[in-house]
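Asks: My structure is stored as start.cif, with mmCIF, C-alpha atoms.
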data_target
#
loop_
_atom_site.label_atom_id
_atom_site.label_comp_id
_atom_site.auth_asym_id
_atom_site.auth_seq_id
_atom_site.Cartn_x
_atom_site.Cartn_y
_atom_site.Cartn_z
CA MET M 1 42.18 -72.67 28.09
CA ILE M 2 40.49 -69.29 27.88
CA ASP M 3 40.75 -67.44 24.62
CA ILE M 4 39.64 -63.81 24.53
CA THR M 5 39.69 -61.35 21.64
CA ILE M 6 37.62 -58.22 22.10
CA GLU M 7 37.22 -54.73 20.77
CA LYS M 8 35.13 -52.19 22.63
CA ASN M 9 34.67 -48.47 22.15
CA LEU M 10 35.04 -46.68 25.45
CA LYS M 11 33.52 -43.29 26.08
CA VAL M 12 36.13 -41.23 27.84
CA TYR M 13 36.39 -37.58 28.78
CA GLN M 14 36.92 -35.62 25.56
CA GLY M 15 36.51 -38.28 22.93
CA LYS M 16 36.67 -41.99 22.37
CA GLN M 17 39.12 -44.72 23.08
CA ILE M 18 39.23 -48.30 21.88
CA LEU M 19 39.81 -51.17 24.28
CA LYS M 20 41.52 -53.93 22.32
CA ILE M 21 42.59 -57.13 24.01
CA ASN M 22 43.75 -60.41 22.53
CA ARG M 23 44.92 -62.86 25.14
CA GLN M 24 44.89 -66.50 26.21
CA PHE M 25 44.79 -67.63 29.83
CA LEU M 26 45.73 -71.14 30.92
CA SER M 27 43.04 -73.01 32.82
CA GLY M 28 43.72 -72.78 36.54
CA SER M 29 46.00 -69.76 36.17
CA ILE M 30 45.76 -66.61 38.27
CA THR M 31 46.40 -63.40 36.36
CA LYS M 32 46.79 -59.89 37.65
CA ILE M 33 45.33 -57.14 35.47
CA TYR M 34 46.69 -53.66 35.95
CA GLY M 35 46.90 -50.34 34.17
CA PRO M 36 45.95 -46.67 34.57
CA SER M 37 42.51 -45.56 35.73
CA GLY M 38 39.93 -45.45 32.97
CA ALA M 39 41.91 -47.83 30.75
CA GLY M 40 39.03 -50.30 30.70
CA LYS M 41 39.99 -52.92 33.30
CA THR M 42 36.52 -53.12 34.83
CA THR M 43 34.93 -53.02 31.36
CA PHE M 44 37.14 -55.95 30.35
CA LEU M 45 35.91 -58.04 33.30
CA LYS M 46 32.27 -57.08 32.65
CA ILE M 47 32.60 -58.04 28.98
CA ILE M 48 33.85 -61.48 30.02
CA ALA M 49 30.94 -61.79 32.46
CA GLY M 50 28.44 -60.85 29.75
CA LEU M 51 27.35 -57.69 31.55
CA ILE M 52 28.65 -55.43 28.76
CA SER M 53 28.67 -56.27 25.06
CA PRO M 54 31.71 -55.37 22.97
CA GLU M 55 31.49 -54.15 19.35
CA LYS M 56 33.58 -57.10 18.20
CA GLY M 57 34.88 -60.13 19.94
CA LYS M 58 35.22 -63.80 20.68
CA ILE M 59 35.40 -65.45 24.07
CA VAL M 60 35.94 -69.21 24.27
CA ILE M 61 36.18 -70.87 27.67
CA ASP M 62 37.29 -74.51 27.67
CA ASP M 63 35.95 -75.06 24.14
CA ILE M 64 32.59 -73.44 24.94
CA THR M 65 31.89 -70.24 23.02
CA TRP M 66 30.53 -67.54 25.33
CA LEU M 67 30.73 -64.78 22.77
CA ASN M 68 31.23 -64.62 19.05
CA THR M 69 29.97 -61.38 17.54
CA ASP M 70 30.49 -62.65 13.97
CA ALA M 71 28.35 -65.72 14.61
CA GLY M 72 25.82 -63.79 16.70
CA ILE M 73 26.55 -65.80 19.86
CA ASN M 74 26.36 -63.95 23.18
CA LEU M 75 25.58 -66.04 26.26
CA SER M 76 23.78 -64.26 29.09
CA PRO M 77 25.55 -63.69 32.44
CA GLN M 78 23.15 -66.29 33.91
CA LYS M 79 24.54 -68.92 31.54
CA ARG M 80 28.17 -67.83 31.97
CA MET M 81 27.96 -67.64 35.78
CA PRO M 82 31.42 -66.30 36.54
CA GLY M 83 32.33 -65.57 40.14
CA PHE M 84 32.33 -61.77 40.04
CA VAL M 85 33.63 -59.52 42.80
CA PHE M 86 32.45 -55.99 42.07
CA GLN M 87 34.61 -53.00 42.89
CA ASP M 88 31.68 -51.44 44.78
CA TYR M 89 30.93 -54.87 46.34
CA ALA M 90 27.32 -54.76 45.05
CA LEU M 91 26.05 -56.27 48.31
CA PHE M 92 22.30 -56.69 48.73
CA PRO M 93 21.06 -54.24 51.42
CA ASN M 94 18.01 -56.40 52.23
CA MET M 95 19.99 -59.57 52.95
CA THR M 96 22.10 -60.74 55.87
CA VAL M 97 25.54 -62.29 55.42
CA LEU M 98 24.03 -65.78 55.47
CA GLN M 99 21.19 -64.82 53.11
CA HIS M 100 23.73 -63.51 50.59
CA LEU M 101 25.34 -66.94 50.43
CA GLU M 102 22.02 -68.82 50.54
CA TYR M 103 20.79 -66.69 47.63
CA ALA M 104 23.75 -67.97 45.63
CA THR M 105 23.88 -71.63 46.70
CA GLY M 106 22.01 -74.31 48.62
CA ASP M 107 25.20 -76.12 49.67
CA LYS M 108 25.26 -75.65 53.47
CA ASP M 109 28.71 -77.20 54.01
CA TRP M 110 30.21 -74.97 51.36
CA ILE M 111 28.56 -71.92 52.94
CA ASN M 112 30.04 -72.82 56.34
CA ARG M 113 33.48 -73.29 54.84
CA LEU M 114 33.27 -69.93 53.08
CA LEU M 115 32.12 -68.17 56.27
CA LEU M 116 35.18 -69.50 58.09
CA LEU M 117 37.44 -68.52 55.19
CA GLY M 118 36.18 -64.93 55.28
CA LYS M 119 35.99 -64.85 59.10
CA LEU M 120 32.33 -63.89 58.90
CA ASP M 121 31.00 -66.93 60.77
CA THR M 122 30.08 -64.84 63.82
CA LEU M 123 28.32 -62.18 61.75
CA THR M 124 25.89 -64.32 59.76
CA ASP M 125 22.77 -62.35 60.75
CA HIS M 126 24.29 -58.93 60.01
CA LYS M 127 23.15 -56.88 57.05
CA PRO M 128 25.78 -55.04 54.95
CA THR M 129 25.17 -51.67 56.66
CA HIS M 130 26.27 -53.25 59.95
CA LEU M 131 29.55 -54.58 58.53
CA SER M 132 32.86 -52.75 58.30
CA GLY M 133 34.37 -51.99 54.89
CA GLY M 134 36.71 -54.95 55.12
CA GLN M 135 33.92 -57.32 56.18
CA GLN M 136 31.76 -56.11 53.29
CA GLN M 137 34.56 -56.76 50.85
CA ARG M 138 35.11 -60.25 52.22
CA LEU M 139 31.40 -60.98 51.89
CA ALA M 140 31.54 -59.88 48.24
CA ILE M 141 34.37 -62.36 47.68
CA LEU M 142 32.55 -65.19 49.48
CA ARG M 143 29.35 -64.59 47.51
CA ALA M 144 31.28 -64.83 44.25
CA LEU M 145 32.83 -68.13 45.38
CA ALA M 146 29.50 -69.54 46.59
CA ILE M 147 28.48 -70.65 43.11
CA LYS M 148 31.75 -72.64 42.75
CA PRO M 149 32.69 -70.82 39.55
CA LYS M 150 35.23 -72.09 37.06
CA LEU M 151 36.12 -68.53 36.15
CA ILE M 152 36.56 -65.88 38.81
CA LEU M 153 36.68 -62.17 37.97
CA MET M 154 37.76 -59.91 40.81
CA ASP M 155 37.74 -56.11 40.58
CA GLU M 156 40.04 -54.64 43.26
CA PRO M 157 38.99 -57.35 45.72
CA PHE M 158 41.44 -56.59 48.54
CA SER M 159 41.48 -52.77 48.55
CA ALA M 160 39.69 -52.41 51.92
CA LEU M 161 41.55 -55.12 53.81
CA ASP M 162 44.36 -54.55 56.31
CA PRO M 163 47.68 -56.25 55.43
CA GLU M 164 47.30 -59.01 58.01
CA MET M 165 43.77 -59.97 56.98
CA LYS M 166 44.76 -59.69 53.34
CA ALA M 167 47.69 -62.10 53.70
CA GLU M 168 45.58 -64.62 55.60
CA LEU M 169 42.66 -64.41 53.17
CA ILE M 170 44.90 -64.71 50.12
CA GLY M 171 46.46 -67.85 51.64
CA GLY M 172 42.98 -69.36 52.07
CA LEU M 173 41.82 -68.25 48.63
CA LYS M 174 44.78 -69.93 46.98
CA VAL M 175 43.60 -73.28 48.35
CA VAL M 176 39.99 -72.61 47.33
CA PHE M 177 40.95 -71.55 43.79
CA LYS M 178 42.98 -74.72 43.42
CA GLY M 179 40.17 -76.88 44.80
CA LEU M 180 37.70 -75.34 42.34
CA GLY M 181 40.18 -75.62 39.49
CA ALA M 182 39.25 -72.04 38.74
CA THR M 183 40.90 -69.59 36.41
CA VAL M 184 41.18 -66.21 38.11
CA LEU M 185 41.57 -62.68 36.77
CA ILE M 186 42.25 -60.03 39.40
CA VAL M 187 42.27 -56.30 38.75
CA SER M 188 44.63 -54.60 41.18
CA HIS M 189 46.25 -51.21 41.55
CA ASN M 190 48.59 -52.34 44.28
CA PRO M 191 51.92 -53.48 42.80
CA ILE M 192 52.80 -55.86 45.62
CA GLU M 193 49.56 -57.14 47.18
CA LEU M 194 49.26 -60.13 44.85
CA GLU M 195 52.86 -61.31 45.13
CA GLY M 196 53.04 -65.07 45.47
CA LEU M 197 49.43 -65.51 44.32
CA VAL M 198 49.47 -64.70 40.62
CA ASP M 199 51.30 -66.52 37.86
CA GLY M 200 50.75 -64.04 35.05
CA GLU M 201 50.05 -60.38 34.31
CA LEU M 202 48.04 -58.39 31.80
CA TYR M 203 48.67 -54.69 31.36
CA ILE M 204 45.83 -52.64 29.92
CA ALA M 205 47.32 -49.38 28.71
CA GLY M 206 44.23 -47.52 27.57
CA MET A 1 -26.62 -39.77 56.95
CA ASP A 2 -25.79 -41.55 53.71
CA LEU A 3 -22.26 -42.91 53.96
CA SER A 4 -22.34 -44.70 50.61
CA PRO A 5 -20.15 -42.04 48.90
CA ILE A 6 -17.41 -42.76 51.46
CA TRP A 7 -17.56 -46.51 50.84
CA LEU A 8 -17.67 -45.97 47.10
CA THR A 9 -14.61 -43.72 47.31
CA LEU A 10 -12.66 -46.27 49.38
CA LYS A 11 -13.65 -49.05 46.96
CA LEU A 12 -12.57 -46.95 43.98
CA ALA A 13 -9.25 -46.05 45.62
CA ALA A 14 -8.53 -49.68 46.60
CA ILE A 15 -9.27 -51.07 43.13
CA THR A 16 -7.33 -48.29 41.39
CA THR A 17 -4.32 -48.75 43.68
CA LEU A 18 -4.29 -52.52 43.21
CA LEU A 19 -4.57 -52.26 39.41
CA LEU A 20 -1.91 -49.58 39.26
CA LEU A 21 0.42 -51.65 41.44
CA ILE A 22 0.08 -54.65 39.13
CA VAL A 23 0.62 -52.59 35.97
CA GLY A 24 2.90 -49.94 37.47
CA LEU A 25 5.62 -52.20 38.88
CA PRO A 26 6.71 -53.79 35.59
CA LEU A 27 6.13 -50.53 33.72
CA ALA A 28 8.29 -48.55 36.17
CA TRP A 29 10.97 -51.23 35.95
CA TRP A 30 10.96 -51.02 32.16
CA LEU A 31 11.12 -47.22 32.26
CA SER A 32 13.96 -47.28 34.80
CA LYS A 33 16.22 -49.22 32.46
CA GLY A 34 17.97 -47.12 29.81
CA ARG A 35 16.55 -44.34 27.74
CA SER A 36 15.03 -44.16 24.28
CA PHE A 37 12.80 -41.73 22.41
CA PHE A 38 9.90 -44.15 22.73
CA LYS A 39 10.36 -44.39 26.52
CA THR A 40 10.50 -40.58 26.79
CA ILE A 41 7.16 -40.32 24.97
CA ILE A 42 5.55 -42.99 27.18
CA GLU A 43 6.88 -41.26 30.29
CA ALA A 44 5.55 -37.91 29.12
CA ILE A 45 2.10 -39.42 28.55
CA ILE A 46 2.14 -41.01 32.02
CA THR A 47 3.17 -37.69 33.58
CA MET A 48 0.56 -35.58 31.74
CA PRO A 49 -2.21 -36.03 34.36
CA LEU A 50 0.03 -34.21 36.86
CA VAL A 51 -0.20 -30.99 34.89
CA LEU A 52 -3.35 -31.37 32.82
CA PRO A 53 -6.60 -29.91 34.25
CA PRO A 54 -8.66 -32.93 35.37
CA SER A 55 -11.63 -31.62 33.40
CA VAL A 56 -9.59 -31.82 30.18
CA LEU A 57 -8.72 -35.44 30.85
CA GLY A 58 -12.33 -36.13 31.81
CA PHE A 59 -13.61 -34.41 28.69
CA TYR A 60 -11.49 -36.53 26.36
CA LEU A 61 -12.34 -39.72 28.24
CA LEU A 62 -16.00 -38.77 27.89
CA LEU A 63 -15.58 -38.27 24.14
CA ALA A 64 -13.54 -41.47 23.71
CA PHE A 65 -15.93 -43.69 25.62
CA SER A 66 -19.23 -42.12 24.68
CA PRO A 67 -21.42 -45.05 23.55
CA GLN A 68 -22.68 -43.01 20.57
CA HIS A 69 -19.52 -43.23 18.50
CA GLY A 70 -16.00 -44.57 18.02
CA LEU A 71 -14.30 -46.63 20.69
CA GLY A 72 -17.17 -46.31 23.16
CA LYS A 73 -19.71 -47.54 20.59
CA TRP A 74 -17.47 -50.47 19.66
CA LEU A 75 -17.05 -51.45 23.34
CA GLN A 76 -20.81 -51.16 23.86
CA ASP A 77 -21.69 -53.18 20.72
CA SER A 78 -18.99 -55.84 21.04
CA PHE A 79 -18.70 -56.42 24.77
CA ASP A 80 -21.70 -54.60 26.23
CA VAL A 81 -19.29 -52.51 28.29
CA GLN A 82 -20.04 -48.89 29.02
CA PHE A 83 -17.47 -46.68 30.69
CA VAL A 84 -19.38 -43.43 30.72
CA PHE A 85 -21.48 -42.80 33.84
CA SER A 86 -20.48 -46.13 35.36
CA PHE A 87 -18.19 -47.30 38.15
CA LYS A 88 -15.96 -48.97 35.54
CA GLY A 89 -15.46 -45.58 33.96
CA LEU A 90 -14.40 -44.13 37.31
CA VAL A 91 -11.85 -46.91 37.71
CA LEU A 92 -10.49 -46.27 34.21
CA ALA A 93 -10.30 -42.51 34.76
CA SER A 94 -8.68 -42.93 38.19
CA PHE A 95 -6.23 -45.43 36.76
CA ILE A 96 -5.02 -42.91 34.20
CA TYR A 97 -5.26 -39.92 36.53
CA SER A 98 -3.28 -41.51 39.39
CA MET A 99 -0.73 -43.32 37.24
CA PRO A 100 2.14 -40.81 37.76
CA PHE A 101 1.79 -41.18 41.53
CA MET A 102 2.42 -44.93 41.31
CA ILE A 103 5.03 -44.98 38.54
CA GLY A 104 7.09 -41.92 39.55
CA PRO A 105 8.34 -42.99 43.02
CA ILE A 106 8.93 -46.61 41.96
CA LYS A 107 10.81 -45.63 38.83
CA SER A 108 13.12 -43.18 40.55
CA ALA A 109 13.80 -45.63 43.40
CA LEU A 110 14.75 -48.36 40.92
CA GLN A 111 16.99 -45.91 39.07
CA GLN A 112 18.78 -45.02 42.29
CA LEU A 113 19.77 -48.63 42.98
CA PRO A 114 23.32 -49.25 41.72
CA ALA A 115 23.35 -51.20 38.43
CA SER A 116 25.85 -53.61 39.96
CA LEU A 117 23.16 -54.95 42.32
CA ALA A 118 21.16 -56.58 39.54
CA GLN A 119 24.37 -57.48 37.71
CA ALA A 120 25.66 -59.37 40.77
CA SER A 121 22.40 -61.30 40.89
CA TYR A 122 22.65 -62.20 37.20
CA THR A 123 26.18 -63.56 37.62
CA LEU A 124 24.81 -65.80 40.39
CA GLY A 125 22.55 -67.34 37.74
CA LYS A 126 19.35 -65.57 38.81
CA THR A 127 16.79 -64.63 36.17
CA LYS A 128 15.54 -61.07 35.70
CA TRP A 129 12.26 -61.98 37.42
CA GLN A 130 14.02 -63.60 40.42
CA THR A 131 16.25 -60.54 40.68
CA PHE A 132 13.26 -58.18 40.51
CA LYS A 133 11.30 -60.13 43.12
CA SER A 134 14.03 -61.03 45.63
CA LEU A 135 16.38 -58.10 45.25
CA LEU A 136 15.00 -54.99 43.60
CA ILE A 137 11.52 -54.88 45.17
CA PRO A 138 12.73 -55.46 48.78
CA ASN A 139 15.29 -52.69 48.35
CA ILE A 140 12.77 -50.05 47.27
CA LYS A 141 10.18 -50.77 49.99
CA PRO A 142 9.91 -47.20 51.34
CA SER A 143 9.31 -45.79 47.86
CA LEU A 144 6.86 -48.59 47.07
CA LEU A 145 4.90 -47.74 50.19
CA THR A 146 4.97 -44.04 49.30
CA ALA A 147 3.69 -44.86 45.82
CA ILE A 148 0.83 -47.02 47.15
CA ILE A 149 -0.29 -44.47 49.72
CA LEU A 150 -0.02 -41.47 47.40
CA THR A 151 -1.98 -43.29 44.70
CA PHE A 152 -4.69 -44.24 47.18
CA ALA A 153 -4.87 -40.76 48.69
CA HIS A 154 -4.84 -39.07 45.30
CA THR A 155 -7.72 -41.24 44.11
CA LEU A 156 -9.70 -40.24 47.21
CA GLY A 157 -9.27 -36.62 46.23
CA GLU A 158 -10.35 -36.83 42.59
CA PHE A 159 -13.10 -34.50 41.53
CA GLY A 160 -13.01 -33.04 38.06
CA VAL A 161 -12.20 -36.14 36.10
CA VAL A 162 -14.70 -38.22 38.07
CA LEU A 163 -17.46 -35.65 37.60
CA MET A 164 -16.83 -35.47 33.84
CA ILE A 165 -16.94 -39.18 33.11
CA GLY A 166 -19.06 -40.45 36.00
CA GLY A 167 -21.49 -37.70 36.82
CA ASN A 168 -23.30 -37.85 40.14
CA ILE A 169 -25.24 -41.10 40.34
CA PRO A 170 -25.89 -42.31 43.91
CA ASN A 171 -24.20 -45.62 44.73
CA VAL A 172 -22.63 -45.76 41.27
CA THR A 173 -20.48 -42.71 40.66
CA ARG A 174 -21.20 -40.35 43.55
CA VAL A 175 -17.88 -40.48 45.37
CA ALA A 176 -17.15 -38.44 48.49
CA SER A 177 -15.67 -35.41 46.73
CA ILE A 178 -18.75 -35.19 44.48
CA ALA A 179 -21.02 -35.68 47.50
CA VAL A 180 -19.38 -32.67 49.20
CA TYR A 181 -20.05 -30.52 46.12
CA ASP A 182 -23.58 -31.86 45.78
CA SER A 183 -24.36 -31.23 49.46
CA VAL A 184 -23.16 -27.64 49.21
CA GLU A 185 -25.28 -27.13 46.09
CA ARG A 186 -28.28 -28.33 48.10
CA MET A 187 -27.19 -26.05 51.00
CA ASP A 188 -26.81 -29.12 53.23
CA TYR A 189 -23.67 -27.91 54.96
CA ALA A 190 -23.88 -30.50 57.73
CA ALA A 191 -23.57 -33.36 55.24
CA ALA A 192 -20.83 -31.53 53.32
CA ASN A 193 -18.96 -31.06 56.57
CA THR A 194 -19.25 -34.73 57.52
CA TYR A 195 -17.95 -35.95 54.15
CA SER A 196 -15.18 -33.37 54.21
CA LEU A 197 -14.11 -34.25 57.73
CA ILE A 198 -13.96 -37.97 56.94
CA LEU A 199 -11.93 -37.32 53.77
CA PHE A 200 -9.66 -34.95 55.64
CA ALA A 201 -9.06 -37.49 58.42
CA ILE A 202 -8.36 -40.40 56.08
CA THR A 203 -5.92 -38.49 53.88
CA PHE A 204 -4.19 -36.93 56.88
CA ILE A 205 -3.64 -40.35 58.46
CA MET A 206 -2.32 -41.71 55.18
CA VAL A 207 0.15 -38.89 54.64
CA ILE A 208 1.28 -39.12 58.29
CA SER A 209 1.82 -42.86 57.85
CA VAL A 210 4.11 -42.26 54.87
CA PHE A 211 6.25 -39.98 57.04
CA VAL A 212 6.23 -42.43 59.97
CA PHE A 213 7.02 -45.55 57.92
CA ASN A 214 9.78 -43.78 56.05
CA LYS A 215 11.26 -42.12 59.12
CA TYR A 216 14.65 -43.67 58.52
CA GLN A 217 14.81 -42.11 55.11
CA ALA A 218 16.66 -38.83 55.40
CA LYS A 219 14.91 -37.32 52.41
CA SER A 220 11.34 -36.18 51.99
CA PRO A 221 8.92 -39.09 51.52
CA LEU A 222 7.40 -37.27 48.57
CA GLU A 223 10.54 -37.76 46.47
#
As a first step, turn the structure in this file into structure tokens.
Replies:
Amino acid sequence: MIDITIEKNLKVYQGKQILKINRQFLSGSITKIYGPSGAGKTTFLKIIAGLISPEKGKIVIDDITWLNTDAGINLSPQKRMPGFVFQDYALFPNMTVLQHLEYATGDKDWINRLLLLGKLDTLTDHKPTHLSGGQQQRLAILRALAIKPKLILMDEPFSALDPEMKAELIGGLKVVFKGLGATVLIVSHNPIELEGLVDGELYIAG
Amino acid sequence: MDLSPIWLTLKLAAITTLLLLIVGLPLAWWLSKGRSFFKTIIEAIITMPLVLPPSVLGFYLLLAFSPQHGLGKWLQDSFDVQFVFSFKGLVLASFIYSMPFMIGPIKSALQQLPASLAQASYTLGKTKWQTFKSLLIPNIKPSLLTAIILTFAHTLGEFGVVLMIGGNIPNVTRVASIAVYDSVERMDYAAANTYSLILFAITFIMVISVFVFNKYQAKSPLE
């Protein structure tokens, strides 16, 4: 079970806005997060990852407290280790496809399985600048999965994929998520792209 | 022809560049992350040698490290270290004088990297040091090279600050730029010309190499 209560002041154009979320997620569930631009969807994911600190909040993941502002607990991202897919991919320009995955894990079999999943097995020695937008996005997903995370946070992870590739990848991801026993939160603008994958929704109104 | 000023200059530039690289990398990294009033002050101090007349910097270094009083006397009495009119003093002066050339390019390159790059590394469980070493440094290589070469070349060209704190002692503080001045004073234009030509050639090659190494960068290598 994942229990999240947070309060964060957002700086928005002309003034301030408070992001307030109080929500539980079942372990192993896949939740779609949606809402208008600037509502704080990315901020919400980054708060869970420990990359942004909220003014107030409590995050408990399977009985382990990641954040409790009242008790002064705030685990670093290194200790939380969520699988995080960044909206801008955040790929490492100096590393090849294979090096990205080797940077994250030493498990060769797992790397090979991921490369097949993302259809990047023939591009292992390519650097990000020599990959298409869709290939870059798939690499970002594979890198997040490489650490076998129990919690996966994905920020618009399928926006650059064509419908065919998207459907195939989502089918494969479903199996991987299940195998990892991971809880997944996916930010998406597209109302239909996650159909059949998610089992819950969270609307962030802003 | 006495080539010792050339060797002394190269030695000074190499030591200064190495020291500034060791100190400058972490300092530039620290400065690149966030802003505070304290950081602004530190950055202003580091940038001052760019605009301050070298003789002013040299004058204050001379006062500060004069073995007759204050800090200089304490260093002399406690550690038997004298910065004035010594090679150590030249290194110290060059270190301060060339600092903006090392810190500036590295800091702005680190600032231009997207924040999500380091964040992605942290979520993979990597420490700040691992991230700095394996991710940030390799991705600012062109700027790092620019910083190293500019620092080296700038140290070669020092005159005022070196003259103030080091004077003109053969084999100790007489670097090439001082030797040019000294030769002209003695009307030995042939020697002045030789020193000048060597300095000109070395700095020209260094600046050319920045442009060549950074040829894939669309912007000016001096940024």
Asks: Written as number ranges by chain, which residues does the PyMOL selection byres ((chain M and resi 63) around 12) give for the file shown?
Replies: M: 1-4, 27, 58-62, 64-67
Asks: Which protein, DNA or RNA residues are at most 6 Å from (38.6, -62.3, 53.9) in the file's coordinates when you count all atoms listed in the file, listed as a PyMOL selection string?
Replies: chain M and resi 118+138+169
Asks: Please write as a compact mmCIF listing (two decimals) with C-alpha atoms, keeping the file's coordinate frame the full residue list that the PyMOL selection byres ((chain M) within 8 of (chain A)) yields on this file.
Replies:
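Just written: result_28.txt:
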# COMPACT_ATOMS: atom_id res chain seq x y z
CA ALA M 49 30.94 -61.79 32.46
CA LEU M 51 27.35 -57.69 31.55
CA PRO M 77 25.55 -63.69 32.44
CA GLN M 78 23.15 -66.29 33.91
CA LYS M 79 24.54 -68.92 31.54
CA ARG M 80 28.17 -67.83 31.97
CA MET M 81 27.96 -67.64 35.78
CA PRO M 82 31.42 -66.30 36.54
CA GLY M 83 32.33 -65.57 40.14
CA PHE M 84 32.33 -61.77 40.04
CA PHE M 86 32.45 -55.99 42.07
CA ASP M 88 31.68 -51.44 44.78
CA ALA M 90 27.32 -54.76 45.05
CA LEU M 91 26.05 -56.27 48.31
CA PHE M 92 22.30 -56.69 48.73
CA PRO M 93 21.06 -54.24 51.42
CA ASN M 94 18.01 -56.40 52.23
CA ALA M 104 23.75 -67.97 45.63
CA ALA M 144 31.28 -64.83 44.25
CA ILE M 147 28.48 -70.65 43.11
Asks: Could you pull the residues within 12 Å of Pro53 in chain A, counting all atoms listed in the file, minus those fewer than 2 positions along the same chain, as a list of chain:residue names?
Replies: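 Close residues of Pro53 in chain A: A:Met48, A:Pro49, A:Leu50, A:Val51, A:Ser55, A:Val56, A:Leu57, A:Gly58, A:Phe59, A:Tyr60, A:Tyr97, A:Glu158, A:Phe159, A:Gly160, A:Val161, A:Met164.
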Asks: Leaving out Ile30 in chain M and any residue of its chain fewer than 3 positions from it, which residues lie within 12 Å of it when counting all atoms listed in the file, given as a PyMOL selection string?
Replies: chain M and resi 2+25-27+33+150-154+173-174+177-178+181-187+194-202
Asks: Evaluate the PyMOL selection byres ((chain A and resi 170-183) around 8) on the structure here and hand back the selected residues as a PDB file with C-alpha atoms, in the coordinates of the input.
Replies:
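Written file, part_38.pdb:
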ATOM      1  CA  SER A   4     -22.340 -44.700  50.610  1.00  0.00           C
ATOM      2  CA  PRO A   5     -20.150 -42.040  48.900  1.00  0.00           C
ATOM      3  CA  ILE A   6     -17.410 -42.760  51.460  1.00  0.00           C
ATOM      4  CA  LEU A   8     -17.670 -45.970  47.100  1.00  0.00           C
ATOM      5  CA  THR A   9     -14.610 -43.720  47.310  1.00  0.00           C
ATOM      6  CA  PHE A  85     -21.480 -42.800  33.840  1.00  0.00           C
ATOM      7  CA  SER A  86     -20.480 -46.130  35.360  1.00  0.00           C
ATOM      8  CA  PHE A  87     -18.190 -47.300  38.150  1.00  0.00           C
ATOM      9  CA  LEU A  90     -14.400 -44.130  37.310  1.00  0.00           C
ATOM     10  CA  LEU A 156      -9.700 -40.240  47.210  1.00  0.00           C
ATOM     11  CA  GLY A 157      -9.270 -36.620  46.230  1.00  0.00           C
ATOM     12  CA  GLU A 158     -10.350 -36.830  42.590  1.00  0.00           C
ATOM     13  CA  PHE A 159     -13.100 -34.500  41.530  1.00  0.00           C
ATOM     14  CA  VAL A 162     -14.700 -38.220  38.070  1.00  0.00           C
ATOM     15  CA  LEU A 163     -17.460 -35.650  37.600  1.00  0.00           C
ATOM     16  CA  GLY A 166     -19.060 -40.450  36.000  1.00  0.00           C
ATOM     17  CA  GLY A 167     -21.490 -37.700  36.820  1.00  0.00           C
ATOM     18  CA  ASN A 168     -23.300 -37.850  40.140  1.00  0.00           C
ATOM     19  CA  ILE A 169     -25.240 -41.100  40.340  1.00  0.00           C
ATOM     20  CA  VAL A 184     -23.160 -27.640  49.210  1.00  0.00           C
ATOM     21  CA  GLU A 185     -25.280 -27.130  46.090  1.00  0.00           C
ATOM     22  CA  ARG A 186     -28.280 -28.330  48.100  1.00  0.00           C
ATOM     23  CA  MET A 187     -27.190 -26.050  51.000  1.00  0.00           C
ATOM     24  CA  ASP A 188     -26.810 -29.120  53.230  1.00  0.00           C
ATOM     25  CA  TYR A 189     -23.670 -27.910  54.960  1.00  0.00           C
ATOM     26  CA  ALA A 191     -23.570 -33.360  55.240  1.00  0.00           C
ATOM     27  CA  ALA A 192     -20.830 -31.530  53.320  1.00  0.00           C
ATOM     28  CA  ASN A 193     -18.960 -31.060  56.570  1.00  0.00           C
ATOM     29  CA  TYR A 195     -17.950 -35.950  54.150  1.00  0.00           C
ATOM     30  CA  SER A 196     -15.180 -33.370  54.210  1.00  0.00           C
ATOM     31  CA  LEU A 199     -11.930 -37.320  53.770  1.00  0.00           C
TER      32      LEU A 199
END
Asks: When distances are computed from all atoms listed in the file, which of A:Leu20, A:Leu3, A:Ala64, A:Ala14 shows the smallest separation from Ala147 in chain A?
Replies: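 So, comparing all the options, the nearest one is A:Leu20.
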Asks: I need the residue nearest Lys88 in chain A from this list: A:Leu71, A:Ala44, A:Ile15, A:Ile22. Use only C-alpha atoms for the distance.
Replies: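 So, comparing all the options, the nearest one is A:Ile15.
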Asks: Which residues are near range 23-25 of chain A? Cut-off 10 Å, only C-alpha atoms, ignore same chain within fewer than 5 positions. Put them as a list in words.
Replies: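 Result of the neighbour search: Thr17, Leu18, Trp30, Leu31, Phe95, Met99, Pro100, Phe101, Met102, Ile103, Gly104, Ile106, Lys107, Phe132, Ile137, Leu144 and Ala147 of chain A.
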Asks: Work out how far apart CA of Arg113 in chain M and CA of Phe158 in chain M are and give it in Å to one decimal.
Replies: 19.5 Å
Asks: May I ask for the distance between CA of Val207 in chain A and CA of Ser108 in chain A, given in Å to one decimal place?
Replies: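 Pair CA of Val207 in chain A / CA of Ser108 in chain A returns 19.6 Å.
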Asks: One number please: CA of Gln24 in chain M to CA of Lys56 in chain M, in Å, one decimal.
Replies: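 Computing the Euclidean distance for CA of Gln24 in chain M and CA of Lys56 in chain M yields 16.7 Å.
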Asks: Mind working out the centre and edge lengths of an axis-aligned box for range 2-8 of chain A, all listed atoms inside, 6 Å added to each side, rounded to one decimal in Å and written as lines of an AutoDock Vina configuration file?
Replies:
center_x = -21.6
center_y = -44.0
center_z = 50.5
size_x = 20.4
size_y = 17.0
size_z = 18.9
Asks: Give me the residues near Asn190 in chain M as a compact mmCIF listing (two decimals) with C-alpha atoms, in the coordinates of the input, where near means some atom within 9 Å (using all atoms listed in the file) and where sequence neighbours in that chain fewer than 5 positions away do not count.
Replies:
# COMPACT_ATOMS: atom_id res chain seq x y z
CA TYR M 34 46.69 -53.66 35.95
CA GLU M 156 40.04 -54.64 43.26
CA SER M 159 41.48 -52.77 48.55
